[in-house]
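Asker: Once you've had a glance at the structure underneath, I'll fire off some questions.
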Amino acid sequence: MVLYFVASMATPATRRGRPFGPGVRAMLAVIYRWKLHAGKEKAFIQAWSRMTALVRRHHGSRGSRLHKAGDETYLAYAQWPDRQTFMAFLAHAPTPAEARLLQSMQDCTKQSFERMEMDMVAGRLDAP
């Protein structure tokens, strides 16, 4: 099952170059999945890329990767330094720029799947 595979292949267990272990908060991975309207893929990818940059710059995300599955499902794997940072992001009211990008993504989306939040327990994925 792809969602559990992604969780088990999380990024290396480090936080700002320090090894994962006692005293270091565990990374949080958040999975998003969508089916898009035909012909809207480019617009979705552009909005997703801009939104990811804003969230990374202003809300403490470690970034995200967007993947396309064989069944035309798009999956984003977002990394957060910890659950507290992610929850603070969820609690904030979107800025006008964020709201426009979220609306643009929604306009491209035929179906959204439930978000999945996962605490990292081990990792062996190299950064690109």
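Labels for the structure tokens follow display order: chains A, B, ..., residues from 1 in each chain, ligands from 1.
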Quick one: everything within 10 Å of Ile31 in chain A, counting only C-alpha atoms, minus sequence neighbours fewer than 2 positions away in the same chain. Send it as a PyMOL selection string.
Answerer: chain A and resi 3+6-7+29+33+64-66+75-79+113-118
Asker: What is the CA of Ser112 in chain A to CA of Met51 in chain A distance in Å?
Answerer: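 It comes out at 16.7 Å.
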Asker: Hey, which of A:Lys68, A:Glu98, A:Gln106, A:Arg83 ends up closest to Met120 in chain A? Count only C-alpha atoms.
Answerer: A:Arg83
Asker: Among the residues of range 2-123 of chain A, find those DSSP assigns to strand (DSSP E) from the backbone and print them as a ChimeraX atom specification.
Answerer: /A:14-15,18-19,28-36,63-68,73-80,109-112,116-119
Asker: I'd like the contact shell of range 52-57 of chain A - 12 Å cut-off, only C-alpha atoms, skipping same-chain residues fewer than 6 positions apart - returned as a PyMOL selection string.
Answerer: chain A and resi 44-46+63-66+76-81+85-86+88-90+92+94-99+101-102+105
